[in-house]
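Engineer: input00.tsv is the file, holding TSV, C-alpha atoms:
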```tsv
chain	number	residue	atom	x	y	z
P	1	MET	CA	-13.56	-5.88	80.64
P	2	ALA	CA	-12.83	-9.63	80.82
P	3	SER	CA	-12.52	-9.81	77.02
P	4	ASN	CA	-9.93	-6.99	77.08
P	5	THR	CA	-7.84	-8.91	79.64
P	6	LEU	CA	-8.20	-12.12	77.66
P	7	PHE	CA	-7.12	-10.31	74.48
P	8	LYS	CA	-3.99	-8.93	76.20
P	9	PHE	CA	-3.13	-12.38	77.55
P	10	LEU	CA	-3.53	-14.01	74.13
P	11	LEU	CA	-1.50	-11.28	72.46
P	12	ALA	CA	1.31	-11.74	74.99
P	13	ALA	CA	1.20	-15.52	74.47
P	14	VAL	CA	1.45	-15.13	70.68
P	15	ILE	CA	4.40	-12.72	70.95
P	16	LEU	CA	6.20	-15.04	73.39
P	17	SER	CA	5.66	-18.07	71.17
P	18	LEU	CA	7.00	-16.21	68.11
P	19	TYR	CA	10.07	-15.16	70.09
P	20	LEU	CA	10.71	-18.69	71.34
P	21	ALA	CA	10.23	-20.14	67.85
P	22	ASN	CA	13.21	-18.08	66.68
P	23	ALA	CA	15.56	-19.32	69.42
P	24	GLN	CA	17.09	-22.72	69.69
P	25	THR	CA	19.39	-24.30	72.18
P	26	ILE	CA	21.78	-25.63	69.60
P	27	LYS	CA	24.25	-28.44	69.39
P	28	PHE	CA	27.40	-26.41	69.01
P	29	ILE	CA	30.72	-27.74	67.75
P	30	PRO	CA	33.66	-27.42	70.15
P	31	CYS	CA	36.69	-25.68	68.63
P	32	ASP	CA	39.50	-28.00	67.52
P	33	ASN	CA	42.89	-27.89	69.23
P	34	VAL	CA	41.78	-25.27	71.77
P	35	THR	CA	42.26	-25.43	75.52
P	36	GLN	CA	39.35	-23.69	77.24
P	37	ASP	CA	39.17	-22.40	80.82
P	38	ALA	CA	35.41	-22.91	80.99
P	39	THR	CA	32.83	-25.56	80.27
P	40	ILE	CA	30.01	-24.50	77.96
P	41	ASN	CA	26.68	-25.63	79.40
P	42	GLU	CA	24.36	-24.25	76.72
P	43	VAL	CA	24.39	-22.08	73.60
P	44	ASP	CA	21.29	-20.25	72.29
P	45	VAL	CA	21.27	-18.39	68.98
P	46	ILE	CA	18.48	-15.97	68.01
P	47	PRO	CA	17.22	-16.29	65.33
P	48	CYS	CA	17.99	-19.97	64.76
P	49	PRO	CA	14.91	-22.21	64.67
P	50	LYS	CA	16.97	-24.94	62.94
P	51	LEU	CA	20.51	-25.74	61.84
P	52	PRO	CA	22.22	-24.39	59.92
P	53	CYS	CA	21.27	-21.02	61.39
P	54	GLU	CA	20.16	-18.47	58.80
P	55	PHE	CA	21.85	-15.14	59.39
P	56	LYS	CA	19.93	-12.51	57.43
P	57	ARG	CA	22.03	-9.67	56.09
P	58	GLY	CA	21.23	-6.30	57.66
P	59	THR	CA	20.12	-7.82	60.99
P	60	ASN	CA	21.58	-8.66	64.39
P	61	VAL	CA	22.21	-12.19	65.60
P	62	SER	CA	22.16	-12.72	69.36
P	63	VAL	CA	24.13	-15.42	71.14
P	64	SER	CA	23.66	-16.51	74.75
P	65	VAL	CA	26.23	-18.81	76.31
P	66	THR	CA	25.83	-20.34	79.75
P	67	PHE	CA	29.25	-21.46	80.94
P	68	THR	CA	31.00	-22.56	84.11
P	69	MET	CA	34.50	-21.34	84.83
P	70	GLY	CA	37.22	-23.89	85.50
P	71	GLY	CA	38.71	-24.17	88.95
P	72	SER	CA	42.13	-22.63	88.45
P	73	LYS	CA	42.03	-19.14	86.93
P	74	THR	CA	40.39	-15.76	87.53
P	75	VAL	CA	39.59	-13.81	84.36
P	76	THR	CA	40.03	-10.06	84.86
P	77	LYS	CA	39.55	-9.01	81.22
P	78	ALA	CA	37.47	-10.75	78.52
P	79	THR	CA	37.35	-10.10	74.79
P	80	THR	CA	34.85	-11.35	72.20
P	81	VAL	CA	36.39	-12.65	68.95
P	82	VAL	CA	34.15	-13.84	66.07
P	83	HIS	CA	35.23	-15.39	62.76
P	84	GLY	CA	33.47	-16.89	59.80
P	85	VAL	CA	35.27	-20.07	58.78
P	86	ILE	CA	34.98	-20.82	55.06
P	87	GLY	CA	36.92	-23.75	53.66
P	88	GLY	CA	39.04	-23.84	56.82
P	89	LEU	CA	40.03	-20.17	56.47
P	90	PRO	CA	38.95	-17.90	59.40
P	91	ILE	CA	37.66	-14.50	58.25
P	92	PRO	CA	37.06	-11.86	60.97
P	93	PHE	CA	33.44	-10.92	61.67
P	94	PRO	CA	33.88	-7.57	63.41
P	95	THR	CA	31.60	-6.80	66.33
P	96	PRO	CA	31.45	-3.59	68.41
P	97	TYR	CA	30.94	-5.78	71.49
P	98	THR	CA	34.58	-6.81	71.87
P	99	ASP	CA	34.90	-5.81	75.55
P	100	ALA	CA	32.96	-8.76	76.94
P	101	CYS	CA	33.16	-7.47	80.53
P	102	ALA	CA	31.39	-4.24	79.53
P	103	THR	CA	28.97	-5.38	76.81
P	104	THR	CA	27.80	-8.98	77.36
P	105	GLY	CA	26.33	-9.00	80.86
P	106	ILE	CA	29.11	-11.01	82.51
P	107	LYS	CA	30.59	-9.64	85.72
P	108	CYS	CA	34.39	-9.46	85.65
P	109	PRO	CA	36.45	-10.71	87.31
P	110	LEU	CA	35.19	-14.21	86.51
P	111	LYS	CA	36.15	-16.42	89.41
P	112	PRO	CA	36.85	-20.16	89.35
P	113	ASP	CA	33.90	-22.57	89.63
P	114	THR	CA	31.26	-19.89	88.89
P	115	LYS	CA	28.37	-20.19	86.42
P	116	ASN	CA	27.95	-17.23	84.05
P	117	LEU	CA	25.65	-16.00	81.29
P	118	TYR	CA	27.25	-14.28	78.31
P	119	LYS	CA	25.01	-12.40	75.83
P	120	GLY	CA	26.70	-11.25	72.64
P	121	LYS	CA	25.57	-9.75	69.34
P	122	LEU	CA	26.79	-9.79	65.78
P	123	PHE	CA	25.53	-7.47	63.07
P	124	VAL	CA	25.37	-9.31	59.75
P	125	ARG	CA	26.40	-6.64	57.28
P	126	LYS	CA	24.47	-6.23	54.04
P	127	GLU	CA	27.69	-6.45	52.04
P	128	TYR	CA	28.46	-9.97	53.31
P	129	PRO	CA	28.09	-12.50	50.49
P	130	GLN	CA	25.47	-15.22	50.61
P	131	VAL	CA	27.57	-18.12	51.80
P	132	ASN	CA	27.58	-21.21	54.01
P	133	VAL	CA	29.93	-20.68	56.90
P	134	TYR	CA	30.89	-21.95	60.34
P	135	VAL	CA	30.73	-19.11	62.84
P	136	LYS	CA	33.56	-19.45	65.35
P	137	TRP	CA	32.72	-17.58	68.57
P	138	GLU	CA	35.39	-17.10	71.23
P	139	MET	CA	35.70	-15.28	74.52
P	140	GLN	CA	39.34	-14.76	75.38
P	141	ASP	CA	40.94	-13.76	78.68
P	142	GLN	CA	43.54	-11.11	79.51
P	143	ASP	CA	46.28	-13.41	78.12
P	144	SER	CA	44.41	-13.99	74.79
P	145	LYS	CA	43.64	-17.58	75.85
P	146	ASP	CA	40.17	-18.99	75.19
P	147	VAL	CA	37.75	-18.98	78.09
P	148	PHE	CA	35.28	-20.66	75.72
P	149	CYS	CA	35.18	-21.37	72.01
P	150	PHE	CA	32.52	-22.98	69.82
P	151	GLN	CA	31.38	-23.12	66.20
P	152	VAL	CA	27.90	-23.02	64.70
P	153	PRO	CA	26.98	-23.89	61.10
P	154	ALA	CA	25.22	-20.96	59.41
P	155	SER	CA	24.09	-19.58	56.07
P	156	VAL	CA	24.35	-15.87	55.36
P	157	VAL	CA	21.17	-15.06	53.42
```
Would you put the structure from the file into structure tokens?

Structural biologist:
Amino acid sequence: MASNTLFKFLLAAVILSLYLANAQTIKFIPCDNVTQDATINEVDVIPCPKLPCEFKRGTNVSVSVTFTMGGSKTVTKATTVVHGVIGGLPIPFPTPYTDACATTGIKCPLKPDTKNLYKGKLFVRKEYPQVNVYVKWEMQDQDSKDVFCFQVPASVV
């Protein structure tokens, strides 16, 4: 009986360590020439054990962003916008999770001076070419202004 419990514990520990090995709190790149209503505290990308992140075609990439709203504006509607930036040219990466209030775990309205956790997903389509890219991830408010915006270096593999 004790060996069965020990086996379950070890199995859970191995699964947890494999999960954590695929996530990394990354050093993101703030977007240029963008005024943001929030301060990004932390960005986690899964899977991304090292930079540049490898985004495997035919799989989902998960992004978690911990952010603190600024002190002046309430956000009633939030939209996720994702682009791949290649040679300075932004190319849309469509995601079905565009309604951030309904699909990312944040609770709208987002009030000033509150800390929030955003969890988004991006499906890396099989038809995407193998390319090095900067992924530009934005959450915009009801006026199409950035609440937050960051970039992450990645390779589509």

Engineer: Suppose you want the space between CA of Thr25 (chain P) and CA of Gly120 (chain P); what is it in Å?

Structural biologist: 15.0 Å

Engineer: Smallest atom-to-atom distance to Ser72 (chain P): which of P:Cys48, P:Leu89, P:Val133, P:Leu110, using only C-alpha atoms?

Structural biologist: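 Of the candidates, the smallest distance to Ser72 (chain P) is held by P:Leu110.
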
Engineer: Got a sec: who's within 12 Å of Val82 (chain P), counting only C-alpha atoms, leaving out chain neighbours fewer than 3 positions off, as a PyMOL selection string?

Structural biologist: chain P and resi 63+79+85+90-98+120-124+134-140+148-152

Engineer: Could you jot down the CA of Ile46 (chain P) to CA of Gly84 (chain P) separation for me, Å, one decimal place?

Structural biologist: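 That distance, rounded to one decimal, is 17.1 Å.
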
Engineer: Could you check how far CA of Asn116 (chain P) sits from CA of Asp32 (chain P), in Å to one decimal?

Structural biologist: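 The value is 22.9 Å.
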
Engineer: Rank P:Gly58, P:Pro109, P:Ile40, P:Leu117 by their smallest atom-to-atom distance to Pro129 (chain P), using all atoms listed in the file, and report the top residue only.

Structural biologist: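 Using all atoms listed in the file, the shortest distance to Pro129 (chain P) belongs to P:Gly58.
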
Engineer: Give me the box for region 26-40 of chain P as lines of an AutoDock Vina configuration file, namely the centre and edge lengths in Å to one decimal of a box along x, y and z that holds every listed atom plus 8 Å on each side.

Structural biologist:
```
center_x = 32.3
center_y = -25.4
center_z = 74.3
size_x = 37.1
size_y = 22.0
size_z = 29.5
```

Engineer: With a distance cut-off of 9 Å and only C-alpha atoms, select the neighbouring residues of Thr114 (chain P), excluding the residue or stretch itself and same-chain residues fewer than 3 positions from it, and output the selection as a ChimeraX atom specification.

Structural biologist: /P:67-71,110-111

Engineer: Of the candidates P:Ile106, P:Ala78, P:Ala100, P:Ile86, which shows the shortest atom-to-atom distance to Asp143 (chain P), using only C-alpha atoms?

Structural biologist: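 Under the stated criterion, the closest residue is P:Ala78.
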
Engineer: Around the point (41.1, -22.6, 77.1), in the coordinates given by the file, pick out the residues reaching within 8 Å, counting all atoms listed in the file, and return them as a PDB file with C-alpha atoms, in the coordinates of the input.

Structural biologist:
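Output (selection28.pdb):
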```
ATOM      1  CA  VAL P  34      41.780 -25.270  71.770  1.00  0.00           C
ATOM      2  CA  THR P  35      42.260 -25.430  75.520  1.00  0.00           C
ATOM      3  CA  GLN P  36      39.350 -23.690  77.240  1.00  0.00           C
ATOM      4  CA  ASP P  37      39.170 -22.400  80.820  1.00  0.00           C
ATOM      5  CA  ALA P  38      35.410 -22.910  80.990  1.00  0.00           C
ATOM      6  CA  LYS P 145      43.640 -17.580  75.850  1.00  0.00           C
ATOM      7  CA  ASP P 146      40.170 -18.990  75.190  1.00  0.00           C
ATOM      8  CA  VAL P 147      37.750 -18.980  78.090  1.00  0.00           C
ATOM      9  CA  PHE P 148      35.280 -20.660  75.720  1.00  0.00           C
ATOM     10  CA  CYS P 149      35.180 -21.370  72.010  1.00  0.00           C
TER      11      CYS P 149
END
```

Engineer: Just the residues within 8 Å of Val157 (chain P), please, counting only C-alpha atoms, with nothing from its chain fewer than 5 positions along; format it as a ChimeraX atom specification.

Structural biologist: /P:54-57,129-131

Engineer: From the list P:Val156, P:Lys77, P:Pro112, P:Lys27, which residue is nearest Lys126 (chain P) when using only C-alpha atoms?

Structural biologist: P:Val156
